[in-house]
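Novice: Have a look at this one.
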Amino acid sequence: MFAAISRAIDAFNKRQGEVTSLLVLPLLAVVIYEVFMRYAFNAPTIWGFEVTTFLYGLHYMFGYAYTDVQDGHVRVDIFTARMSPRAQALLAIITNVVIFLPVMTCLTIWTFKYGITSLKGLEVNSTSWAPPIYPIKLVMAACFLFLLLQGISNLIKDVKRFRLRGNHP
């Protein structure tokens, strides 16, 4: 049952990462448009910088869980590389339970509170363009939730690896 949950979380985060990686296309379009307007017509937009910041931020946030499911986050394994596979699995379980899950749980809760407060006030950015910023904050909270779920999936896989004496399933 837990393996099925882990597979479902992995599949979800792989798919959301593949889909949201396409945010780079509108980001590229906005940057090209802004540069063209600025240098060809000396008429920069008031919205270009903010849109690129929002799109890049979303692209970055959605990439957290996707990178984790692909095992792409940077880690220093100088010491763990010398450990047995079972000891590596045990260390992964301990660090996940003691550090990752509590921190990500708090970040997820706090960002949802932050996003809901922003939504209640229909918060806008404090610039001349003043776009609504609450949707970005709510998506940021969802991205932390995706990363938290991926941490749970990783924990399930690490426990399974530990039980199998450290051999990869």
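Numbering starts fresh at 1 for the residues of each chain in the structure tokens, the chains themselves are lettered A, B, ... in the order given, and ligands are numbered from 1 as they appear.
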Do a neighbour search on stretch 28-41 of chain A at 12 Å with only C-alpha atoms, toss out local chain neighbours closer than 4 positions, and write the hits as a PyMOL selection string.
Specialist: chain A and resi 22-24+45-56+59
Novice: Save the residues we just selected, C-alpha atoms, as an mmCIF file, in the first residue's frame?
Specialist:
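Result file follows (result_4.cif):
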data_model
loop_
_atom_site.group_PDB
_atom_site.id
_atom_site.type_symbol
_atom_site.label_atom_id
_atom_site.label_comp_id
_atom_site.auth_asym_id
_atom_site.auth_seq_id
_atom_site.Cartn_x
_atom_site.Cartn_y
_atom_site.Cartn_z
ATOM 1 C CA LEU A 22 6.901 24.719 -20.216
ATOM 2 C CA LEU A 23 6.684 27.953 -18.203
ATOM 3 C CA VAL A 24 10.060 28.696 -19.725
ATOM 4 C CA THR A 45 6.892 48.016 -20.488
ATOM 5 C CA ILE A 46 5.791 48.584 -16.912
ATOM 6 C CA TRP A 47 4.869 44.923 -16.563
ATOM 7 C CA GLY A 48 7.773 43.069 -18.202
ATOM 8 C CA PHE A 49 10.082 42.794 -15.221
ATOM 9 C CA GLU A 50 7.317 41.641 -12.859
ATOM 10 C CA VAL A 51 5.964 39.047 -15.270
ATOM 11 C CA THR A 52 9.453 37.601 -15.785
ATOM 12 C CA THR A 53 9.965 37.528 -12.013
ATOM 13 C CA PHE A 54 6.618 35.754 -11.465
ATOM 14 C CA LEU A 55 7.177 33.239 -14.252
ATOM 15 C CA TYR A 56 10.733 32.488 -13.187
ATOM 16 C CA HIS A 59 9.214 27.763 -12.709
#
Novice: Leaving out stretch 113-121 of chain A and any residue of its chain fewer than 6 positions from it, which residues lie within 10 Å of it when counting only C-alpha atoms, given as a PyMOL selection string?
Specialist: chain A and resi 107+132-142
Novice: Go ahead and save the residues from that selection, with N, CA and C atoms, as a CSV table (one decimal), in the first residue's frame.
Specialist:
chain,number,residue,atom,x,y,z
A,107,LEU,N,7.1,24.9,6.7
A,107,LEU,CA,7.1,25.8,5.6
A,107,LEU,C,5.8,25.7,4.8
A,132,PRO,N,-2.2,41.4,-9.1
A,132,PRO,CA,-2.5,40.7,-8.0
A,132,PRO,C,-1.4,39.7,-7.7
A,133,ILE,N,-1.0,39.6,-6.4
A,133,ILE,CA,0.1,38.7,-6.0
A,133,ILE,C,-0.3,37.5,-5.2
A,134,TYR,N,-1.6,37.5,-4.8
A,134,TYR,CA,-2.1,36.4,-4.0
A,134,TYR,C,-2.0,35.1,-4.8
A,135,PRO,N,-2.3,35.0,-6.1
A,135,PRO,CA,-2.2,33.7,-6.8
A,135,PRO,C,-0.8,33.1,-6.7
A,136,ILE,N,0.2,34.0,-6.8
A,136,ILE,CA,1.6,33.5,-6.8
A,136,ILE,C,1.9,32.9,-5.4
A,137,LYS,N,1.4,33.6,-4.4
A,137,LYS,CA,1.7,33.1,-3.0
A,137,LYS,C,0.9,31.8,-2.7
A,138,LEU,N,-0.2,31.6,-3.3
A,138,LEU,CA,-1.0,30.3,-3.1
A,138,LEU,C,-0.3,29.2,-3.9
A,139,VAL,N,0.2,29.5,-5.1
A,139,VAL,CA,0.9,28.5,-5.8
A,139,VAL,C,2.2,28.1,-5.1
A,140,MET,N,2.9,29.1,-4.5
A,140,MET,CA,4.1,28.9,-3.8
A,140,MET,C,3.8,27.9,-2.7
A,141,ALA,N,2.7,28.0,-2.0
A,141,ALA,CA,2.3,27.1,-0.9
A,141,ALA,C,2.1,25.7,-1.5
A,142,ALA,N,1.4,25.6,-2.6
A,142,ALA,CA,1.2,24.3,-3.2
A,142,ALA,C,2.5,23.6,-3.6
Novice: I'd like to know which of A:Val98, A:Ala81, A:Leu122, A:Met61 is closest to A:Phe144, using only C-alpha atoms.
Specialist: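 Counting only C-alpha atoms, the residue closest to A:Phe144 is A:Met61.
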Novice: Would you mind listing what lies within 7 Å of stretch 4-16 of chain A as a list in words, with only C-alpha atoms counted and same-chain residues fewer than 2 positions away left out?
Specialist: Met1, Phe2, Glu18, Val19, Thr20, Ala65, Tyr66, Val69, Leu149, Gln150, Ser153 and Ile156 of chain A
Novice: Can I get the selected residues back with C-alpha atoms, as a PDB file, in the first residue's frame?
Specialist:
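Full text of out-v5.pdb as output:
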ATOM      1  CA  MET A   1       0.000   0.000   0.000  1.00  0.00           C
ATOM      2  CA  PHE A   2       2.755   2.469   0.932  1.00  0.00           C
ATOM      3  CA  GLU A  18       7.163  18.120 -17.090  1.00  0.00           C
ATOM      4  CA  VAL A  19       4.112  20.320 -17.608  1.00  0.00           C
ATOM      5  CA  THR A  20       5.342  23.308 -15.611  1.00  0.00           C
ATOM      6  CA  ALA A  65       9.604  18.500  -6.116  1.00  0.00           C
ATOM      7  CA  TYR A  66      10.437  17.547  -9.699  1.00  0.00           C
ATOM      8  CA  VAL A  69      11.817  12.942  -7.573  1.00  0.00           C
ATOM      9  CA  LEU A 149       4.743  14.911  -0.372  1.00  0.00           C
ATOM     10  CA  GLN A 150       7.884  13.983  -2.288  1.00  0.00           C
ATOM     11  CA  SER A 153       7.565   9.295  -0.890  1.00  0.00           C
ATOM     12  CA  ILE A 156       8.703   5.272   2.089  1.00  0.00           C
TER      13      ILE A 156
END
Novice: If we count only C-alpha atoms, what is near A:Phe162 at a cut-off of 9 Å, once residues fewer than 4 positions away on the same chain are taken out, given as an mmCIF file with N, CA and C atoms, in the first residue's frame?
Specialist:
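And here's selection-v5.cif as it stands now:
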data_model
loop_
_atom_site.group_PDB
_atom_site.id
_atom_site.type_symbol
_atom_site.label_atom_id
_atom_site.label_comp_id
_atom_site.auth_asym_id
_atom_site.auth_seq_id
_atom_site.Cartn_x
_atom_site.Cartn_y
_atom_site.Cartn_z
ATOM 1 N N PRO A 85 24.990 0.217 1.979
ATOM 2 C CA PRO A 85 23.685 0.675 1.496
ATOM 3 C C PRO A 85 22.633 0.736 2.601
ATOM 4 N N ARG A 86 22.701 -0.205 3.535
ATOM 5 C CA ARG A 86 21.739 -0.197 4.645
ATOM 6 C C ARG A 86 21.970 1.010 5.555
ATOM 7 N N ALA A 87 23.213 1.328 5.839
ATOM 8 C CA ALA A 87 23.527 2.499 6.666
ATOM 9 C C ALA A 87 23.127 3.784 5.944
ATOM 10 N N GLN A 88 23.311 3.821 4.631
ATOM 11 C CA GLN A 88 22.874 4.988 3.850
ATOM 12 C C GLN A 88 21.364 5.168 3.957
ATOM 13 N N ALA A 89 20.635 4.068 3.870
ATOM 14 C CA ALA A 89 19.176 4.127 3.978
ATOM 15 C C ALA A 89 18.760 4.598 5.371
ATOM 16 N N LEU A 90 19.433 4.088 6.396
ATOM 17 C CA LEU A 90 19.116 4.503 7.764
ATOM 18 C C LEU A 90 19.390 5.993 7.962
ATOM 19 N N ILE A 93 16.689 7.978 6.313
ATOM 20 C CA ILE A 93 15.459 7.953 7.114
ATOM 21 C C ILE A 93 15.563 8.946 8.268
ATOM 22 N N LYS A 157 10.366 4.996 0.325
ATOM 23 C CA LYS A 157 11.369 4.239 -0.443
ATOM 24 C C LYS A 157 12.596 3.912 0.405
ATOM 25 N N ASP A 158 13.011 4.835 1.265
ATOM 26 C CA ASP A 158 14.171 4.590 2.124
ATOM 27 C C ASP A 158 13.886 3.501 3.153
ATOM 28 N N GLY A 166 19.278 -2.763 2.455
ATOM 29 C CA GLY A 166 20.028 -1.752 1.733
ATOM 30 C C GLY A 166 20.125 -1.977 0.239
ATOM 31 N N ASN A 167 19.639 -3.100 -0.250
ATOM 32 C CA ASN A 167 19.676 -3.339 -1.695
ATOM 33 C C ASN A 167 18.587 -2.508 -2.363
#
Novice: So how many Å separate atom CA of A:Phe100 and atom CA of A:Leu148, to one decimal?
Specialist: 8.3 Å
Novice: Using DSSP on the backbone coordinates, identify all residues within chain A classified as alpha helix (DSSP H); present the result as a VMD selection string.
Specialist: chain A and resid 2 to 20 24 to 40 48 to 69 85 to 95 101 to 120 134 to 163
Novice: Can you tell me which residues surround A:Gly63 at a distance of at most 8 Å, considering only C-alpha atoms, apart from same-chain residues fewer than 4 positions away, and format the answer as JSON, numbers by chain?
Specialist: {"A": [17, 21, 59, 67]}
